[in-house]
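Novice: Below is the structure I would like to discuss, written out as C-alpha cells.
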Amino acid sequence: MNENQTDKSTILEAVVQFRFKNRLEIEDVFFTAKTVLHDFSYKKEPILELPVAVRETDPKLKYAAYYKFISDTLTVNISPSMISFSINGFYPGWSQFRAMIVEKYAQLKEITSQWETDIISIRYIDFFQNINIFNNISISVENPNNVCGNFFQEKRKNYVAEFTCKNSTEVKLQIVNNVSIPTEIDTSEQGSIIDTDVYTMNISNNEDALDRVHEVAKTTFFNILKDEFAEERNLKQ
C-alpha cells in the first residue's frame with residue numbers, strides 16, 4: 001500500500017464502502033445516481049434478476065450492489081442500503097482517492113442525506129508478483145516438517161485474523177501466497193496478496209471515520225512488512 005509513489009504501487013484493489021441503517025427504494029437511488037453520474041456508463045448487477053422477495057429478505061444480499069456506474073478512474077456501486085467507491089486502473093494515492101469519494105458523495109446528497117450511516121469500511125488488496133510474502137512479513141505461519149509424513153511440498157499458505165483497534169475500529173486481515181491473478185490480456189500473474197479490510201461503526205462524522213479507517217489500514221499494512229523489504233520495494237507511508 002504505497003501512499004506516495006504511485007509508480008511503485010502494489011495496490012490491486014481499493015474500495016471504500018458506506019453501509020446504512022435505513023433502506024431507500026432502489027428506483028430513487030438509481031435515478032438520482034444516473035442524473036449525477038451522467039458521464040459514467042452503468043450496468044445492472046445479477047441481483048436484479050432475482051425475485052424482489054428474495055433479494056429484499058435474504059440477509060446475505062442486503063449490501064449487494066444493484067447497479068454499477070463506471071468511469072475511467074472510478075466505479076460507484078449502489079444498492080438500497082449501500083454505496084461504494086473503487087479505483088479503476090492505477091491507484092492514484094489516498095489524497096486523490098479521498099477527494100473523489102468526498103466529491104461524489106456530496107454530489108449524491110439527494111440520496112445520501114436520507115441515509116443514516118451504519119458502517120464505513122476501507123479495503124485494500126495488495127499484490128506482490130513472484131514473491132512469497134511470508135518471507136517478508138513479521139507474521140510467521142510454519143508447518144511441521146513432517147506434517148503429512150517424511151515428505152511434503154507446501155503449495156499455498158493462508159493467514160486469516162480479525163482484531164479490534166482503538167476507537168472501535170475492526171480489522172479483517174488475510175495473507176495468501178502462491179495465488180494467481182488474471183490480467184487484461186487473458187494471462188495470469190503469480191504472487192502473494194495482503195488483504196486488509198477495516199471498518200468502524202463508531203461514526204459521528206463520515207469524513208473523520210473515513211480518515212480513521214484509512215489510517216488503521218495503512219498502519220496495519222506497514223507494520224506487517226519487514227523494514228528491509230519495504231525499503232527494498234520502495235514502499236513508503
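So you can find residues: chains in the C-alpha cells are A, B, ... in the order shown, residues in each start at 1, and ligands are numbered from 1 in order.
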Quick one: which range 102-197 of chain A residues come within 12 Å of range 34-39 of chain A, and what is the nearest atom pair for each with the distance in Å to one decimal, counting only C-alpha atoms, rows ordered by chain and ascending number, as a Markdown table?
Specialist:
```
| residue | atom | partner | partner_atom | distance |
| --- | --- | --- | --- | --- |
| A:Glu103 | CA | A:Val36 | CA | 11.2 |
| A:Lys104 | CA | A:Leu37 | CA | 8.4 |
| A:Tyr105 | CA | A:Val36 | CA | 10.3 |
| A:Ala106 | CA | A:Val36 | CA | 10.3 |
| A:Gln107 | CA | A:Val36 | CA | 6.7 |
| A:Leu108 | CA | A:Val36 | CA | 6.6 |
| A:Lys109 | CA | A:Val36 | CA | 9.8 |
| A:Glu110 | CA | A:Val36 | CA | 9.8 |
| A:Ile111 | CA | A:Val36 | CA | 10.8 |
```
Novice: Could those residues be written to a file, using N, CA and C atoms, as a PDB file, in the first residue's frame?
Specialist:
```
ATOM      1  N   GLU A 103     -16.195  14.174  -3.068  1.00  0.00           N
ATOM      2  CA  GLU A 103     -16.882  14.941  -4.107  1.00  0.00           C
ATOM      3  C   GLU A 103     -18.144  14.225  -4.584  1.00  0.00           C
ATOM      4  N   LYS A 104     -18.019  12.945  -4.929  1.00  0.00           N
ATOM      5  CA  LYS A 104     -19.176  12.219  -5.454  1.00  0.00           C
ATOM      6  C   LYS A 104     -20.234  12.003  -4.383  1.00  0.00           C
ATOM      7  N   TYR A 105     -19.801  11.742  -3.153  1.00  0.00           N
ATOM      8  CA  TYR A 105     -20.755  11.557  -2.059  1.00  0.00           C
ATOM      9  C   TYR A 105     -21.578  12.831  -1.869  1.00  0.00           C
ATOM     10  N   ALA A 106     -20.921  13.994  -1.923  1.00  0.00           N
ATOM     11  CA  ALA A 106     -21.626  15.266  -1.770  1.00  0.00           C
ATOM     12  C   ALA A 106     -22.569  15.527  -2.942  1.00  0.00           C
ATOM     13  N   GLN A 107     -22.140  15.181  -4.147  1.00  0.00           N
ATOM     14  CA  GLN A 107     -22.981  15.381  -5.320  1.00  0.00           C
ATOM     15  C   GLN A 107     -24.242  14.511  -5.272  1.00  0.00           C
ATOM     16  N   LEU A 108     -24.163  13.397  -4.559  1.00  0.00           N
ATOM     17  CA  LEU A 108     -25.292  12.477  -4.420  1.00  0.00           C
ATOM     18  C   LEU A 108     -26.112  12.770  -3.169  1.00  0.00           C
ATOM     19  N   LYS A 109     -26.018  14.007  -2.661  1.00  0.00           N
ATOM     20  CA  LYS A 109     -26.641  14.345  -1.373  1.00  0.00           C
ATOM     21  C   LYS A 109     -28.156  14.152  -1.361  1.00  0.00           C
ATOM     22  N   GLU A 110     -28.792  14.180  -2.548  1.00  0.00           N
ATOM     23  CA  GLU A 110     -30.235  13.966  -2.585  1.00  0.00           C
ATOM     24  C   GLU A 110     -30.613  12.613  -1.984  1.00  0.00           C
ATOM     25  N   ILE A 111     -29.731  11.634  -2.162  1.00  0.00           N
ATOM     26  CA  ILE A 111     -29.992  10.331  -1.539  1.00  0.00           C
ATOM     27  C   ILE A 111     -29.154  10.117  -0.281  1.00  0.00           C
TER      28      ILE A 111
END
```
Novice: As a ChimeraX atom specification, please: the residues near range 84-86 of chain A (cut-off 9 Å, only C-alpha atoms, same-chain neighbours under 2 positions excluded).
Specialist: /A:13-19,65,73-78,82,88,97,100-101
Novice: Could you take the residues named above and write them with C-alpha atoms, as a PDB file, in the first residue's frame?
Specialist:
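Listed below is the output, selection16.pdb:
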```pdb
ATOM      1  CA  GLU A  13      -7.899  -3.100  -5.430  1.00  0.00           C
ATOM      2  CA  ALA A  14      -9.039  -0.191  -3.254  1.00  0.00           C
ATOM      3  CA  VAL A  15     -12.673   0.077  -2.111  1.00  0.00           C
ATOM      4  CA  VAL A  16     -14.480   2.385   0.302  1.00  0.00           C
ATOM      5  CA  GLN A  17     -17.980   1.348   1.318  1.00  0.00           C
ATOM      6  CA  PHE A  18     -20.751   3.107   3.228  1.00  0.00           C
ATOM      7  CA  ARG A  19     -23.500   0.948   4.711  1.00  0.00           C
ATOM      8  CA  ALA A  65     -24.733  -3.915  -5.446  1.00  0.00           C
ATOM      9  CA  THR A  73     -10.965   6.254 -12.901  1.00  0.00           C
ATOM     10  CA  LEU A  74     -13.804   5.349 -10.539  1.00  0.00           C
ATOM     11  CA  THR A  75     -16.569   2.791 -10.042  1.00  0.00           C
ATOM     12  CA  VAL A  76     -19.606   3.604  -7.908  1.00  0.00           C
ATOM     13  CA  ASN A  77     -21.768   0.702  -6.716  1.00  0.00           C
ATOM     14  CA  ILE A  78     -25.246   1.370  -5.340  1.00  0.00           C
ATOM     15  CA  MET A  82     -25.115   0.793   0.390  1.00  0.00           C
ATOM     16  CA  ASN A  88     -10.245   1.703 -11.754  1.00  0.00           C
ATOM     17  CA  PHE A  97      -8.964   8.827  -3.924  1.00  0.00           C
ATOM     18  CA  MET A 100     -13.017  11.687  -5.413  1.00  0.00           C
ATOM     19  CA  ILE A 101     -15.110   9.943  -2.749  1.00  0.00           C
TER      20      ILE A 101
END
```
Novice: Report the distance between CA of Arg123 in chain A and CA of Thr196 in chain A in Å, rounded to one decimal place.
Specialist: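 For CA of Arg123 in chain A relative to CA of Thr196 in chain A, the distance reads 5.6 Å.
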Novice: Write down as a compact mmCIF listing (two decimals) with N, CA, C and O atoms, in the first residue's frame the residues belonging to range 26-234 of chain A that are assigned strand (DSSP E) by DSSP computed on the backbone.
Specialist:
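Result saved to out_28.txt:
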```txt
# COMPACT_ATOMS: atom_id res chain seq x y z
N SER A 41 -20.77 5.31 -17.48
CA SER A 41 -21.61 4.24 -18.02
C SER A 41 -22.15 3.44 -16.83
O SER A 41 -21.63 3.55 -15.72
N TYR A 42 -23.19 2.66 -17.04
CA TYR A 42 -23.72 1.87 -15.93
C TYR A 42 -24.22 0.52 -16.43
O TYR A 42 -24.51 0.34 -17.62
N LYS A 43 -24.32 -0.41 -15.50
CA LYS A 43 -24.88 -1.71 -15.84
C LYS A 43 -25.60 -2.29 -14.62
O LYS A 43 -25.28 -1.97 -13.47
N LYS A 44 -26.58 -3.13 -14.90
CA LYS A 44 -27.30 -3.82 -13.84
C LYS A 44 -26.46 -4.98 -13.33
O LYS A 44 -25.76 -5.63 -14.10
N TYR A 67 -26.58 -1.72 -8.99
CA TYR A 67 -26.10 -1.07 -10.20
C TYR A 67 -24.64 -0.68 -10.01
O TYR A 67 -24.21 -0.33 -8.91
N LYS A 68 -23.91 -0.70 -11.11
CA LYS A 68 -22.51 -0.31 -11.12
C LYS A 68 -22.33 0.83 -12.13
O LYS A 68 -22.65 0.69 -13.30
N PHE A 69 -21.83 1.99 -11.65
CA PHE A 69 -21.55 3.14 -12.50
C PHE A 69 -20.04 3.24 -12.69
O PHE A 69 -19.29 3.24 -11.72
N ILE A 70 -19.59 3.35 -13.94
CA ILE A 70 -18.17 3.19 -14.25
C ILE A 70 -17.65 4.35 -15.07
O ILE A 70 -18.24 4.72 -16.10
N LEU A 74 -13.04 5.68 -11.74
CA LEU A 74 -13.80 5.35 -10.54
C LEU A 74 -15.01 4.49 -10.88
O LEU A 74 -15.65 4.68 -11.92
N THR A 75 -15.33 3.56 -9.97
CA THR A 75 -16.57 2.79 -10.04
C THR A 75 -17.40 3.10 -8.80
O THR A 75 -16.87 3.09 -7.68
N VAL A 76 -18.68 3.35 -9.01
CA VAL A 76 -19.61 3.60 -7.91
C VAL A 76 -20.66 2.52 -7.93
O VAL A 76 -21.39 2.37 -8.92
N ASN A 77 -20.74 1.74 -6.86
CA ASN A 77 -21.77 0.70 -6.72
C ASN A 77 -22.87 1.21 -5.80
O ASN A 77 -22.60 1.84 -4.78
N ILE A 78 -24.13 0.93 -6.17
CA ILE A 78 -25.25 1.37 -5.34
C ILE A 78 -26.21 0.23 -5.08
O ILE A 78 -26.33 -0.72 -5.87
N SER A 79 -26.90 0.33 -3.94
CA SER A 79 -27.99 -0.57 -3.59
C SER A 79 -28.95 0.23 -2.73
O SER A 79 -28.69 1.40 -2.43
N MET A 82 -26.57 0.75 0.49
CA MET A 82 -25.11 0.79 0.39
C MET A 82 -24.69 1.64 -0.80
O MET A 82 -25.35 1.68 -1.83
N ILE A 83 -23.54 2.30 -0.63
CA ILE A 83 -22.86 2.92 -1.75
C ILE A 83 -21.37 2.70 -1.55
O ILE A 83 -20.86 2.80 -0.43
N SER A 84 -20.67 2.34 -2.63
CA SER A 84 -19.24 2.10 -2.51
C SER A 84 -18.51 2.74 -3.68
O SER A 84 -19.09 2.99 -4.75
N PHE A 85 -17.20 2.99 -3.46
CA PHE A 85 -16.35 3.64 -4.44
C PHE A 85 -15.08 2.83 -4.59
O PHE A 85 -14.44 2.49 -3.59
N SER A 86 -14.71 2.52 -5.80
CA SER A 86 -13.47 1.77 -6.02
C SER A 86 -12.70 2.37 -7.19
O SER A 86 -13.28 2.93 -8.12
N ILE A 87 -11.39 2.22 -7.11
CA ILE A 87 -10.49 2.78 -8.12
C ILE A 87 -10.44 1.85 -9.33
O ILE A 87 -10.36 0.63 -9.20
N THR A 117 -25.81 6.61 8.36
CA THR A 117 -24.64 5.74 8.21
C THR A 117 -24.54 4.75 9.35
O THR A 117 -24.67 5.10 10.52
N ASP A 118 -24.28 3.51 8.99
CA ASP A 118 -24.13 2.43 9.97
C ASP A 118 -22.67 1.98 10.06
O ASP A 118 -22.11 1.87 11.15
N ILE A 119 -22.05 1.73 8.89
CA ILE A 119 -20.68 1.23 8.83
C ILE A 119 -19.93 1.94 7.71
O ILE A 119 -20.48 2.14 6.61
N ILE A 120 -18.71 2.33 7.98
CA ILE A 120 -17.80 2.81 6.94
C ILE A 120 -16.60 1.88 6.91
O ILE A 120 -16.02 1.59 7.96
N SER A 121 -16.23 1.41 5.73
CA SER A 121 -15.12 0.47 5.62
C SER A 121 -14.20 0.87 4.47
O SER A 121 -14.60 1.56 3.53
N ILE A 122 -12.96 0.41 4.59
CA ILE A 122 -11.99 0.56 3.51
C ILE A 122 -11.26 -0.76 3.35
O ILE A 122 -10.93 -1.42 4.34
N ARG A 123 -11.06 -1.14 2.11
CA ARG A 123 -10.40 -2.42 1.85
C ARG A 123 -9.33 -2.22 0.78
O ARG A 123 -9.60 -1.64 -0.28
N TYR A 124 -8.14 -2.70 1.10
CA TYR A 124 -7.04 -2.72 0.15
C TYR A 124 -6.61 -4.16 -0.08
O TYR A 124 -6.44 -4.93 0.88
N ILE A 125 -6.42 -4.52 -1.34
CA ILE A 125 -5.79 -5.79 -1.68
C ILE A 125 -4.49 -5.45 -2.39
O ILE A 125 -4.49 -4.85 -3.48
N ASP A 126 -3.37 -5.79 -1.76
CA ASP A 126 -2.04 -5.55 -2.32
C ASP A 126 -1.49 -6.84 -2.90
O ASP A 126 -1.58 -7.90 -2.26
N PHE A 127 -0.92 -6.74 -4.09
CA PHE A 127 -0.38 -7.91 -4.78
C PHE A 127 1.12 -7.77 -4.97
O PHE A 127 1.61 -6.71 -5.39
N PHE A 128 1.85 -8.84 -4.65
CA PHE A 128 3.30 -8.86 -4.79
C PHE A 128 3.68 -9.97 -5.78
O PHE A 128 3.63 -11.16 -5.44
N GLN A 129 4.02 -9.56 -6.99
CA GLN A 129 4.27 -10.53 -8.05
C GLN A 129 5.55 -11.31 -7.79
O GLN A 129 6.59 -10.74 -7.43
N ASN A 158 -2.11 -19.65 4.02
CA ASN A 158 -3.17 -18.66 4.20
C ASN A 158 -3.25 -18.27 5.67
O ASN A 158 -3.44 -19.12 6.54
N TYR A 159 -3.07 -16.99 5.94
CA TYR A 159 -3.20 -16.47 7.30
C TYR A 159 -4.42 -15.57 7.36
O TYR A 159 -4.59 -14.66 6.54
N VAL A 160 -5.32 -15.83 8.33
CA VAL A 160 -6.53 -15.03 8.50
C VAL A 160 -6.65 -14.63 9.96
O VAL A 160 -6.48 -15.46 10.86
N ALA A 161 -6.95 -13.36 10.21
CA ALA A 161 -7.11 -12.88 11.57
C ALA A 161 -8.09 -11.72 11.60
O ALA A 161 -8.25 -10.99 10.61
N GLU A 162 -8.77 -11.56 12.73
CA GLU A 162 -9.63 -10.41 12.96
C GLU A 162 -9.26 -9.82 14.32
O GLU A 162 -9.03 -10.55 15.27
N PHE A 163 -9.20 -8.50 14.40
CA PHE A 163 -8.86 -7.89 15.68
C PHE A 163 -9.47 -6.50 15.78
O PHE A 163 -9.85 -5.89 14.77
N THR A 164 -9.58 -6.02 17.01
CA THR A 164 -10.13 -4.70 17.29
C THR A 164 -9.01 -3.73 17.61
O THR A 164 -8.12 -4.04 18.41
N CYS A 165 -9.04 -2.55 16.98
CA CYS A 165 -8.07 -1.50 17.26
C CYS A 165 -8.75 -0.37 18.03
O CYS A 165 -9.92 -0.47 18.40
N THR A 169 -12.44 0.37 16.00
CA THR A 169 -12.14 0.05 14.60
C THR A 169 -11.76 -1.41 14.48
O THR A 169 -10.92 -1.90 15.23
N GLU A 170 -12.40 -2.11 13.57
CA GLU A 170 -12.21 -3.55 13.39
C GLU A 170 -11.39 -3.82 12.14
O GLU A 170 -11.55 -3.15 11.11
N VAL A 171 -10.53 -4.84 12.22
CA VAL A 171 -9.68 -5.20 11.10
C VAL A 171 -9.87 -6.68 10.77
O VAL A 171 -9.85 -7.53 11.65
N LYS A 172 -10.06 -6.95 9.49
CA LYS A 172 -10.04 -8.32 8.97
C LYS A 172 -8.82 -8.41 8.04
O LYS A 172 -8.73 -7.66 7.07
N LEU A 173 -7.93 -9.31 8.36
CA LEU A 173 -6.67 -9.41 7.63
C LEU A 173 -6.51 -10.81 7.05
O LEU A 173 -6.69 -11.81 7.76
N GLN A 174 -6.19 -10.88 5.77
CA GLN A 174 -5.91 -12.15 5.12
C GLN A 174 -4.64 -12.02 4.30
O GLN A 174 -4.48 -11.06 3.53
N ILE A 175 -3.75 -12.98 4.46
CA ILE A 175 -2.49 -13.01 3.72
C ILE A 175 -2.37 -14.37 3.06
O ILE A 175 -2.50 -15.40 3.72
N VAL A 176 -2.14 -14.38 1.75
CA VAL A 176 -2.08 -15.63 1.00
C VAL A 176 -0.90 -15.59 0.03
O VAL A 176 -0.69 -14.57 -0.64
N ASN A 177 -0.14 -16.68 -0.04
CA ASN A 177 0.91 -16.77 -1.04
C ASN A 177 0.50 -17.72 -2.16
O ASN A 177 -0.51 -18.42 -2.08
N ASN A 178 1.27 -17.70 -3.22
CA ASN A 178 1.07 -18.59 -4.36
C ASN A 178 -0.36 -18.51 -4.92
O ASN A 178 -1.04 -19.50 -5.09
N VAL A 179 -0.78 -17.27 -5.21
CA VAL A 179 -2.09 -17.07 -5.83
C VAL A 179 -1.89 -16.61 -7.26
O VAL A 179 -0.86 -16.04 -7.63
N SER A 180 -2.90 -16.84 -8.09
CA SER A 180 -2.85 -16.47 -9.50
C SER A 180 -3.83 -15.33 -9.74
O SER A 180 -5.01 -15.43 -9.39
N ILE A 181 -3.33 -14.24 -10.32
CA ILE A 181 -4.15 -13.06 -10.59
C ILE A 181 -4.33 -12.90 -12.09
O ILE A 181 -3.34 -12.80 -12.83
N PRO A 182 -5.57 -12.88 -12.59
CA PRO A 182 -5.76 -12.71 -14.04
C PRO A 182 -5.36 -11.32 -14.51
O PRO A 182 -5.48 -10.34 -13.77
N SER A 188 -2.13 -14.70 -16.66
CA SER A 188 -2.19 -14.53 -15.21
C SER A 188 -0.79 -14.27 -14.66
O SER A 188 0.21 -14.56 -15.31
N GLU A 189 -0.76 -13.71 -13.45
CA GLU A 189 0.48 -13.46 -12.74
C GLU A 189 0.43 -14.19 -11.40
O GLU A 189 -0.63 -14.27 -10.78
N GLN A 190 1.57 -14.71 -10.97
CA GLN A 190 1.66 -15.47 -9.74
C GLN A 190 2.31 -14.61 -8.66
O GLN A 190 3.24 -13.84 -8.94
N GLY A 191 1.83 -14.75 -7.44
CA GLY A 191 2.43 -13.99 -6.35
C GLY A 191 1.67 -14.15 -5.05
O GLY A 191 1.05 -15.20 -4.81
N SER A 192 1.69 -13.12 -4.21
CA SER A 192 1.04 -13.14 -2.90
C SER A 192 0.16 -11.91 -2.75
O SER A 192 0.37 -10.89 -3.40
N ILE A 193 -0.84 -12.03 -1.86
CA ILE A 193 -1.69 -10.87 -1.57
C ILE A 193 -1.75 -10.60 -0.07
O ILE A 193 -1.64 -11.53 0.75
N ILE A 194 -1.89 -9.34 0.26
CA ILE A 194 -2.26 -8.90 1.61
C ILE A 194 -3.60 -8.18 1.47
O ILE A 194 -3.70 -7.16 0.79
N ASP A 195 -4.62 -8.72 2.09
CA ASP A 195 -5.98 -8.21 2.01
C ASP A 195 -6.33 -7.58 3.36
O ASP A 195 -6.49 -8.28 4.36
N THR A 196 -6.42 -6.24 3.40
CA THR A 196 -6.67 -5.52 4.63
C THR A 196 -8.04 -4.85 4.55
O THR A 196 -8.25 -3.96 3.72
N ASP A 197 -8.96 -5.29 5.40
CA ASP A 197 -10.34 -4.79 5.39
C ASP A 197 -10.62 -4.18 6.75
O ASP A 197 -10.63 -4.89 7.77
N VAL A 198 -10.83 -2.87 6.80
CA VAL A 198 -11.00 -2.16 8.07
C VAL A 198 -12.36 -1.46 8.07
O VAL A 198 -12.74 -0.84 7.08
N TYR A 199 -13.09 -1.57 9.19
CA TYR A 199 -14.39 -0.91 9.27
C TYR A 199 -14.65 -0.38 10.67
O TYR A 199 -14.02 -0.79 11.65
N THR A 200 -15.59 0.56 10.76
CA THR A 200 -15.99 1.11 12.04
C THR A 200 -17.48 1.38 12.04
O THR A 200 -18.06 1.73 11.01
```
Novice: Write out as a VMD selection string which residues come within 12 Å of Asn135 in chain A when counting only C-alpha atoms, dropping same-chain ones fewer than 3 positions away.
Specialist: chain A and resid 128 131 to 132 138 to 142 157 175 to 177 192 224 to 226 228 to 229
Novice: So, with only C-alpha atoms as the atoms that count, which of A:Ile26, A:Ile185, A:Ala217, A:Leu12 lies closest to Phe90 in chain A?
Specialist: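 Once distances to Phe90 in chain A are computed over only C-alpha atoms, the minimum belongs to A:Leu12.
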Novice: Hey, what does DSSP flag as helix (DSSP H, G or I) within range 184-233 of chain A? Can you give it to me as a list of chain:residue names?
Specialist: A:Asn206, A:Glu207, A:Asp208, A:Ala209, A:Leu210, A:Asp211, A:Arg212, A:Val213, A:His214, A:Glu215, A:Val216, A:Ala217, A:Lys218, A:Thr219, A:Thr220, A:Phe221, A:Phe222, A:Asn223, A:Ile224, A:Asp227, A:Glu228, A:Phe229, A:Ala230, A:Glu231, A:Glu232
Novice: Here is a test: counting only C-alpha atoms, which residue of A:Asp28, A:Ala99, A:Ala230, A:Thr57 is nearest to Ile133 in chain A?
Specialist: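 Using only C-alpha atoms, the shortest distance to Ile133 in chain A belongs to A:Ala230.
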Novice: CA of Ala64 in chain A and CA of Val213 in chain A, how far apart in Å?
Specialist: 21.3 Å
Novice: For a quick check of understanding, using only C-alpha atoms, which of A:Glu25, A:Val52, A:Gly89, A:Phe30 has the smallest distance to Glu184 in chain A?
Specialist: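 The answer is A:Gly89, which sits nearest to Glu184 in chain A.
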Novice: For Arg98 in chain A, please output as a PyMOL selection string all residues within 9 Å (counting only C-alpha atoms; exclusion window: fewer than 5 positions along the same chain).
Specialist: chain A and resi 93+103+210-211
Novice: Can those selected residues be exported to a file as a compact mmCIF listing (two decimals), in the first residue's frame so that it contains N, CA, C and O atoms?
Specialist:
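Final output, out12.txt:
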```txt
# COMPACT_ATOMS: atom_id res chain seq x y z
N GLY A 93 -3.17 7.26 -5.12
CA GLY A 93 -2.80 7.76 -3.80
C GLY A 93 -4.04 8.13 -3.01
O GLY A 93 -5.10 8.44 -3.57
N GLU A 103 -16.20 14.17 -3.07
CA GLU A 103 -16.88 14.94 -4.11
C GLU A 103 -18.14 14.23 -4.58
O GLU A 103 -19.23 14.82 -4.63
N LEU A 210 -13.87 8.03 7.91
CA LEU A 210 -13.17 7.58 6.71
C LEU A 210 -11.66 7.71 6.90
O LEU A 210 -10.89 6.80 6.57
N ASP A 211 -11.23 8.84 7.44
CA ASP A 211 -9.80 9.03 7.69
C ASP A 211 -9.28 8.04 8.72
O ASP A 211 -8.14 7.56 8.62
```
